[in-house]
Amino acid sequence: MVSEREHDIKDAINSLKEAKQNLKRIEKEYAEEPILLKIYSYSAKEMISNLENHLEYLLKLETETELSIKSEIDPLDLWIRIEGKSFHNGTGPINVVGSYLKKLNTAVRHSARLVKKKFEVANELNNFFPTFELAATAKGSLKLGLQNNVSNNLDQIIEPTLFNVENKDNTLEQLKQIQTINDITDKSITVLFKALASANDDTFIRELTKEYDEDDVIKLIHYAQELAPSSRSSIDFISFEGNQIRDFKELKTDKNTRSYLKQRAQRLRQNKVFIEGTAFIKQYTVDSDKTYYSLIARSFKYDNNSLDEIELRLNKEEFSIEQKDVYNQLIFVSGFLHYNANNQPYLIEADSINFELEEIYGDGE
C-alpha cells in the first residue's frame, strides 16, 4: 500500500514537472518581449524553487537522508561568498554581514545616480534606486544570495490594471517605466562591478572613462573599493557571481584590491582624490559674487587621516544652507580633496553633506 507521504512525493514531482514546463512555455511565448519575459519568468522560477525545496523536505522525511535538489535555474541576481577566519559552515558575525550589505547598497545607489545623470532619466524615477536584499544562503565559508528590489517587488511596481485591455495607454506607459527601471538597475550594477574589476584589468577603466566623466569614475572607484575587504577586516576574500554579473567570469577581491583601486584613481587625476569624512564646522561665509558657500572645518577626519583646518566649498546650485544649519556642527562630507603644487591638501569640493551621522556609521567592518 502506498503511504500518504509517498502520495505527497509523487504529487510534488508532478507539480515540479508542470512548473518547469510552464517556464519553458513562458520563455518561448515571450522570447521577443523582454519586459514581459522578465516579469513572468521570475514568478515561474520562484515557483520552481519553492517546489524543489518542498520536495527536498519530503524526501528527507522519507529517507532520513540529506538530499539536495537544485535546478540549474537560479532566480537570484547575485551571490557573494565571504571567506575568513570568522566565517565557516555558512555562518559569520551578523553585524559584519549587515554592514557589508549596507556598503553594497550604498555603492549601487551612487552608481545608479551616475547612470541616471548620464541618461537623463525621467523626473518620476529620480527617487528610484536599486537595492539588494538577502534572499538565501548556501553552504561555503559564507555564501549570500541576493535579490535586487526590482525583481523582488515586481508585483508592487506593476499596477493591478497593467494588463487590462481597456487601459491600453496606461499599460504601455507602465511597461516603458518598468523597462527604464530594469535598464537603470542593469547599467548601475554593470558599471559598479566594472570599477571593482578594474583593480586587475585596465580594460574596464578604459571603458568607463570613455563613457563617463573622469571625476565620476573616480567617485565610482571610491565606492567600489568598499566592496573589497579592508586591511583590518576579519574578511580575507570576497567573490561575486550570479545573473547580474555574467560578464565578469571570476570576480574575487582580497585585502590588496583597495590599494590597487586607489592607484587607478590616482592615475586618473594627480591633484585630487575623492574622500569621505567628518568635519566640525567653525566658520561660514557666503558671498553674492561667488557661486559657492565657503565653510572652514576644524578639524576634518577621513580614513586614517586628520586635517587641523581645511576649506569646504559647496556649490550654490546644488546646496542651500544657512549659518545656523552648519556652524558648530559635526557633519559627514563626501567630495574631492584638492592638493596644491607642494602636494598639500588645501580644499574640499563637497559632493554631499549629511547631518545624520547614525545613517552613515553602523556596526561592522
# chains A, B, ... in the order shown; residues from 1 in each chain; ligands from 1

call {"tool": "closest_atom_pairs", "arguments": {"of": "region 167-249 of chain A", "to": "region 262-279 of chain A", "cutoff": "7 Å", "atoms": "only C-alpha atoms", "output": "JSON lines"}}
result
{"residue": "A:Glu214", "atom": "CA", "partner": "A:Leu268", "partner_atom": "CA", "distance": 6.9}
{"residue": "A:Ile218", "atom": "CA", "partner": "A:Ala265", "partner_atom": "CA", "distance": 5.4}
{"residue": "A:Lys219", "atom": "CA", "partner": "A:Phe274", "partner_atom": "CA", "distance": 6.0}
{"residue": "A:Ile221", "atom": "CA", "partner": "A:Ala265", "partner_atom": "CA", "distance": 6.8}
{"residue": "A:His222", "atom": "CA", "partner": "A:Phe274", "partner_atom": "CA", "distance": 6.7}

call {"tool": "residues_around", "arguments": {"residues": "region 183-194 of chain A", "least_positions_apart": "3", "cutoff": "8 Å", "atoms": "only C-alpha atoms", "output": "list in words"}}
result
Ala107, Val108, Ser111, Ala112, Leu114, Val115, Lys116, Phe129, Pro130, Val150, Gln179, Thr180, Ala197, Ser198, Phe204, Ile205, Leu208, Leu220, Ile221, Ala224, Gln244 and Ile245 of chain A

call {"tool": "closest_residue", "arguments": {"among": "A:Gln283, A:Ser288, A:Asn328, A:Asn148", "to": "Glu311 (chain A)", "atoms": "only C-alpha atoms"}}
result
A:Gln283

call {"tool": "residues_around", "arguments": {"residues": "Glu62 (chain A)", "least_positions_apart": "6", "cutoff": "12 Å", "atoms": "only C-alpha atoms", "output": "mmCIF file with N, CA and C atoms, in the first residue's frame"}}
result
data_model
loop_
_atom_site.group_PDB
_atom_site.id
_atom_site.type_symbol
_atom_site.label_atom_id
_atom_site.label_comp_id
_atom_site.auth_asym_id
_atom_site.auth_seq_id
_atom_site.Cartn_x
_atom_site.Cartn_y
_atom_site.Cartn_z
ATOM 1 N N SER A 3 1.931 4.853 0.917
ATOM 2 C CA SER A 3 1.698 5.703 2.082
ATOM 3 C C SER A 3 1.281 7.111 1.647
ATOM 4 N N GLU A 4 0.744 7.834 2.614
ATOM 5 C CA GLU A 4 0.321 9.218 2.342
ATOM 6 C C GLU A 4 1.520 10.075 1.932
ATOM 7 N N ARG A 5 2.672 9.826 2.574
ATOM 8 C CA ARG A 5 3.856 10.608 2.237
ATOM 9 C C ARG A 5 4.316 10.312 0.822
ATOM 10 N N GLU A 6 4.232 9.026 0.401
ATOM 11 C CA GLU A 6 4.616 8.680 -0.966
ATOM 12 C C GLU A 6 3.706 9.362 -1.973
ATOM 13 N N HIS A 7 2.417 9.493 -1.623
ATOM 14 C CA HIS A 7 1.478 10.246 -2.474
ATOM 15 C C HIS A 7 1.926 11.697 -2.577
ATOM 16 N N ASP A 8 2.337 12.268 -1.441
ATOM 17 C CA ASP A 8 2.777 13.674 -1.415
ATOM 18 C C ASP A 8 4.020 13.870 -2.275
ATOM 19 N N ILE A 9 4.949 12.886 -2.204
ATOM 20 C CA ILE A 9 6.171 12.975 -3.004
ATOM 21 C C ILE A 9 5.835 12.921 -4.490
ATOM 22 N N LEU A 55 10.004 19.399 -2.166
ATOM 23 C CA LEU A 55 10.345 18.016 -2.498
ATOM 24 C C LEU A 55 11.559 17.558 -1.682
ATOM 25 N N GLU A 56 12.540 18.419 -1.515
ATOM 26 C CA GLU A 56 13.695 18.104 -0.662
ATOM 27 C C GLU A 56 13.246 17.715 0.741
#

call {"tool": "select_by_dssp", "arguments": {"residues": "region 219-289 of chain A", "states": "helix (DSSP H, G or I)", "output": "ChimeraX atom specification"}}
result
/A:219-227,243-245,257-268

call {"tool": "closest_residue", "arguments": {"among": "A:Glu226, A:Asp236, A:Glu322, A:Glu133", "to": "Lys255 (chain A)", "atoms": "only C-alpha atoms"}}
result
A:Asp236

call {"tool": "closest_residue", "arguments": {"among": "A:Tyr327, A:Leu146, A:Arg313, A:Leu307", "to": "Lys282 (chain A)", "atoms": "only C-alpha atoms"}}
result
A:Tyr327

call {"tool": "select_by_dssp", "arguments": {"residues": "region 199-257 of chain A", "states": "strand (DSSP E or B)", "output": "NGL selection string"}}
result
:A and (235-241 or 251-253)

call {"tool": "write_last_selection", "arguments": {"atoms": "N, CA and C atoms", "output": "PDB file, in the first residue's frame"}}
result
ATOM      1  N   ILE A 235      37.550  39.616   7.249  1.00  0.00           N
ATOM      2  CA  ILE A 235      37.288  39.004   5.945  1.00  0.00           C
ATOM      3  C   ILE A 235      38.586  38.982   5.134  1.00  0.00           C
ATOM      4  N   ASP A 236      38.901  37.835   4.558  1.00  0.00           N
ATOM      5  CA  ASP A 236      40.104  37.711   3.735  1.00  0.00           C
ATOM      6  C   ASP A 236      39.797  37.853   2.239  1.00  0.00           C
ATOM      7  N   PHE A 237      38.701  37.235   1.806  1.00  0.00           N
ATOM      8  CA  PHE A 237      38.336  37.260   0.391  1.00  0.00           C
ATOM      9  C   PHE A 237      36.832  37.488   0.255  1.00  0.00           C
ATOM     10  N   ILE A 238      36.445  38.193  -0.810  1.00  0.00           N
ATOM     11  CA  ILE A 238      35.039  38.332  -1.176  1.00  0.00           C
ATOM     12  C   ILE A 238      34.949  38.094  -2.675  1.00  0.00           C
ATOM     13  N   SER A 239      34.119  37.139  -3.076  1.00  0.00           N
ATOM     14  CA  SER A 239      33.961  36.857  -4.509  1.00  0.00           C
ATOM     15  C   SER A 239      32.493  36.980  -4.895  1.00  0.00           C
ATOM     16  N   PHE A 240      32.260  37.205  -6.197  1.00  0.00           N
ATOM     17  CA  PHE A 240      30.916  37.509  -6.698  1.00  0.00           C
ATOM     18  C   PHE A 240      30.602  36.638  -7.908  1.00  0.00           C
ATOM     19  N   GLU A 241      29.336  36.252  -8.006  1.00  0.00           N
ATOM     20  CA  GLU A 241      28.848  35.535  -9.177  1.00  0.00           C
ATOM     21  C   GLU A 241      27.337  35.728  -9.254  1.00  0.00           C
ATOM     22  N   LEU A 251      35.244  37.083 -10.364  1.00  0.00           N
ATOM     23  CA  LEU A 251      35.495  38.359  -9.699  1.00  0.00           C
ATOM     24  C   LEU A 251      35.719  38.088  -8.221  1.00  0.00           C
ATOM     25  N   LYS A 252      36.988  38.101  -7.837  1.00  0.00           N
ATOM     26  CA  LYS A 252      37.349  37.806  -6.450  1.00  0.00           C
ATOM     27  C   LYS A 252      38.258  38.910  -5.930  1.00  0.00           C
ATOM     28  N   THR A 253      37.916  39.449  -4.763  1.00  0.00           N
ATOM     29  CA  THR A 253      38.705  40.539  -4.183  1.00  0.00           C
ATOM     30  C   THR A 253      39.394  40.069  -2.910  1.00  0.00           C
TER      31      THR A 253
END

call {"tool": "residues_around", "arguments": {"residues": "region 80-85 of chain A", "least_positions_apart": "4", "cutoff": "12 Å", "atoms": "only C-alpha atoms", "output": "ChimeraX atom specification"}}
result
/A:76,89-93,96-97,100-101,104,132-147,227-229,232-245,250-255

call {"tool": "closest_residue", "arguments": {"among": "A:Thr106, A:Asn343, A:Asn182, A:Ser99", "to": "Pro34 (chain A)", "atoms": "only C-alpha atoms"}}
result
A:Asn182

call {"tool": "atom_distance", "arguments": {"atom1": "CA of Lys316 (chain A)", "atom2": "CA of Leu337 (chain A)"}}
result
18.5 Å

call {"tool": "residues_around", "arguments": {"residues": "Val333 (chain A)", "least_positions_apart": "5", "cutoff": "10 Å", "atoms": "only C-alpha atoms", "output": "ChimeraX atom specification"}}
result
/A:275-279,300-302,312,348-355

call {"tool": "write_last_selection", "arguments": {"atoms": "N, CA and C atoms", "output": "compact mmCIF listing (two decimals), in the first residue's frame"}}
result
# COMPACT_ATOMS: atom_id res chain seq x y z
N ILE A 275 37.09 61.59 -1.30
CA ILE A 275 37.16 61.12 0.09
C ILE A 275 35.81 61.28 0.78
N GLU A 276 35.68 60.65 1.95
CA GLU A 276 34.52 60.83 2.83
C GLU A 276 35.05 60.98 4.26
N GLY A 277 34.43 61.86 5.03
CA GLY A 277 34.88 62.03 6.40
C GLY A 277 33.98 62.97 7.17
N THR A 278 34.36 63.26 8.41
CA THR A 278 33.57 64.14 9.27
C THR A 278 34.29 65.48 9.47
N ALA A 279 33.49 66.55 9.42
CA ALA A 279 34.03 67.90 9.55
C ALA A 279 33.30 68.63 10.67
N PHE A 300 39.05 68.05 10.17
CA PHE A 300 38.41 67.15 9.22
C PHE A 300 39.10 65.79 9.31
N LYS A 301 38.31 64.73 9.53
CA LYS A 301 38.87 63.38 9.69
C LYS A 301 38.33 62.47 8.59
N TYR A 302 39.23 61.72 7.94
CA TYR A 302 38.85 60.80 6.87
C TYR A 302 39.85 59.65 6.82
N LEU A 312 35.90 74.00 2.95
CA LEU A 312 34.92 73.22 2.20
C LEU A 312 34.13 74.18 1.32
N ILE A 348 38.36 71.18 -0.03
CA ILE A 348 37.43 70.08 -0.33
C ILE A 348 36.26 70.64 -1.12
N GLU A 349 36.07 70.10 -2.30
CA GLU A 349 34.92 70.46 -3.14
C GLU A 349 33.82 69.45 -2.82
N ALA A 350 32.84 69.87 -2.00
CA ALA A 350 31.86 68.93 -1.44
C ALA A 350 30.91 68.40 -2.51
N ASP A 351 30.69 67.10 -2.47
CA ASP A 351 29.73 66.44 -3.36
C ASP A 351 28.42 66.22 -2.62
N SER A 352 28.49 65.93 -1.32
CA SER A 352 27.29 65.77 -0.50
C SER A 352 27.65 66.01 0.96
N ILE A 353 26.63 66.39 1.75
CA ILE A 353 26.80 66.51 3.20
C ILE A 353 25.62 65.84 3.87
N ASN A 354 25.86 65.36 5.08
CA ASN A 354 24.81 64.66 5.82
C ASN A 354 24.97 64.99 7.30
N PHE A 355 23.84 65.40 7.93
CA PHE A 355 23.88 65.76 9.35
C PHE A 355 23.56 64.57 10.25

call {"tool": "atom_distance", "arguments": {"atom1": "CA of Asn95 (chain A)", "atom2": "CA of Leu78 (chain A)"}}
result
20.2 Å
